[in-house]
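> Once you've had a glance at the structure underneath, I'll fire off some questions.
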Amino acid sequence: FLNSEPFLKFLQELTSIERPLIGDPYYFGGGLHEIKRGGFLKIHADFNKHNSLLLDRRLNLLVYLNKSWKEEYGGHFELWDENMKKCEKKILPEFNTLALFSTTSKSYHGHPDPLNCPMNMSRKSLALYYYTNGRPENDVISGLEQHTTLYQEREIDSRSVKSKFKSFVRDIVPPVLLRVFSK
């Protein structure tokens, strides 16, 4: 149904995309996704061209399949601003929740924190991608007309790595050397 003509027309009208939407019959990168306890998906912008159809990726649709999912399990789907300064929206992956968003070279999203669900559970979703033949010029980053997935680092992740490195150095370098090199 999610790739049927009536649904594609509904999405087109809902999103005001002028060109006809095309569902991916190959589910390249899409389909059923499952992530187990401790798993995560770094913040990223998706590849923007289908590898064999050479169509432009325009929309992502996610349907969550997690019955009895609790807030403390984490796994929130996060949508970030294009400057990677702020998470604009967090969506708990509860059963029958649908997330739809535009796919551009700056539509950063993911679930960057490790899942904390019980060992016998996992985060499940159905992912569908929709394409058009061409896309608006303002959706393209100059020099990146076609790209693979663009992973991004959150500021908090960067600070965490620097902090861990400083702690590591303080733990292994003798205090006398730290004093000499900090001058």
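All residue names refer to the structure tokens as shown: chains lettered A, B, ... in order, residues numbered from 1 in each chain, ligands numbered from 1 in order.
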Quick one: residues within 10 Å of Pro118 in chain A, only C-alpha atoms, excluding same-chain residues fewer than 4 positions away - as a PyMOL selection string?
chain A and resi 36-38+73+122
> Could you pull out all residues of range 6-108 of chain A with a DSSP call of strand (DSSP E) and give them as JSON, numbers by chain?
{"A": [22, 23, 31, 32, 33, 34, 35, 36, 41, 42, 43, 44, 45, 56, 57, 58, 59, 60, 61, 62, 63, 64, 77, 78, 79, 80, 87, 88, 89, 90, 91, 98, 99, 100, 101, 102]}
> Expressed in Å to a single decimal, how great is the separation between CA of Gly30 in chain A and CA of Phe95 in chain A?
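Rounded to one decimal, the two atoms are 18.3 Å apart.
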> Pick from A:Trp69, A:Phe47, A:Tyr129, A:Phe77: nearest to Tyr151 in chain A, with only C-alpha atoms counted?
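Under the stated criterion, the closest residue is A:Phe47.
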> Mind checking which residues fall within 9 Å of Trp80 in chain A, counting only C-alpha atoms, ignoring those fewer than 5 positions away in the same chain, and posting them as a list in words?
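Contacts, with the query itself left out: Ile43, Lys85, Lys86, Cys87, Glu88, Lys89, Lys106, Ser107, Tyr108, His109 and Gly110 of chain A.
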> With N, CA and C atoms retained, could you export that selection as a PDB file, in the first residue's frame?

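This is the output file result_31.pdb:
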ATOM      1  N   ILE A  43      24.001  10.496  13.657  1.00  0.00           N
ATOM      2  CA  ILE A  43      23.280  11.526  12.907  1.00  0.00           C
ATOM      3  C   ILE A  43      23.895  11.623  11.513  1.00  0.00           C
ATOM      4  N   LYS A  85      23.523  22.174  15.267  1.00  0.00           N
ATOM      5  CA  LYS A  85      23.623  22.854  16.556  1.00  0.00           C
ATOM      6  C   LYS A  85      22.554  22.373  17.535  1.00  0.00           C
ATOM      7  N   LYS A  86      21.423  21.890  16.984  1.00  0.00           N
ATOM      8  CA  LYS A  86      20.296  21.612  17.858  1.00  0.00           C
ATOM      9  C   LYS A  86      19.407  20.509  17.290  1.00  0.00           C
ATOM     10  N   CYS A  87      18.978  19.632  18.164  1.00  0.00           N
ATOM     11  CA  CYS A  87      17.968  18.638  17.806  1.00  0.00           C
ATOM     12  C   CYS A  87      16.627  19.354  17.811  1.00  0.00           C
ATOM     13  N   GLU A  88      15.967  19.386  16.654  1.00  0.00           N
ATOM     14  CA  GLU A  88      14.698  20.103  16.510  1.00  0.00           C
ATOM     15  C   GLU A  88      13.495  19.270  16.947  1.00  0.00           C
ATOM     16  N   LYS A  89      13.607  17.948  16.812  1.00  0.00           N
ATOM     17  CA  LYS A  89      12.452  17.086  17.117  1.00  0.00           C
ATOM     18  C   LYS A  89      12.959  15.703  17.508  1.00  0.00           C
ATOM     19  N   LYS A 106      21.054  18.135   3.733  1.00  0.00           N
ATOM     20  CA  LYS A 106      21.179  18.712   5.072  1.00  0.00           C
ATOM     21  C   LYS A 106      20.054  18.274   6.015  1.00  0.00           C
ATOM     22  N   SER A 107      19.326  17.239   5.650  1.00  0.00           N
ATOM     23  CA  SER A 107      18.254  16.754   6.534  1.00  0.00           C
ATOM     24  C   SER A 107      18.856  15.705   7.467  1.00  0.00           C
ATOM     25  N   TYR A 108      19.512  16.202   8.512  1.00  0.00           N
ATOM     26  CA  TYR A 108      20.253  15.345   9.437  1.00  0.00           C
ATOM     27  C   TYR A 108      19.316  14.680  10.426  1.00  0.00           C
ATOM     28  N   HIS A 109      19.519  13.386  10.604  1.00  0.00           N
ATOM     29  CA  HIS A 109      18.646  12.587  11.450  1.00  0.00           C
ATOM     30  C   HIS A 109      19.367  11.332  11.909  1.00  0.00           C
ATOM     31  N   GLY A 110      18.783  10.642  12.860  1.00  0.00           N
ATOM     32  CA  GLY A 110      19.323   9.373  13.353  1.00  0.00           C
ATOM     33  C   GLY A 110      18.826   9.111  14.760  1.00  0.00           C
TER      34      GLY A 110
END
> Given the choices A:Ser105, A:Glu82, A:Asp46, A:Cys117, which gets closest to Asn66 in chain A if the distance is worked out from only C-alpha atoms?
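Smallest distance to Asn66 in chain A is found for A:Cys117.
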> Which value, in Å to one decimal, gives the distance between CA of Asn133 in chain A and CA of Glu18 in chain A?
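It comes out at 10.7 Å.
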> Hey, can you check how far CA of Leu92 in chain A sits from CA of Arg154 in chain A?
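One can read the CA of Leu92 in chain A to CA of Arg154 in chain A distance as 19.3 Å.
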> Taking only C-alpha atoms into account, which of A:Gly75, A:Pro112, A:Pro20, A:Pro136 comes nearest Ile156 in chain A?
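Among A:Gly75, A:Pro112, A:Pro20, A:Pro136, it is A:Pro112 that comes nearest to Ile156 in chain A.
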> For each of A:Leu14, A:Leu55, A:Met119, A:Met84, take the minimum atom-to-atom distance to Glu155 in chain A, counting only C-alpha atoms, then give the residue where this is smallest.
A:Met84
> Which residue, A:Leu150, A:Asp113, A:Glu5, A:Leu21, has the smallest gap to Asp56 in chain A when you use only C-alpha atoms?
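Smallest separation from Asp56 in chain A among the options: A:Leu21.
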> A:Pro93, A:His33, A:Leu41, A:His50: which is nearest Gly134 in chain A, counting only C-alpha atoms?
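Distance minimum relative to Gly134 in chain A lands on A:His50.
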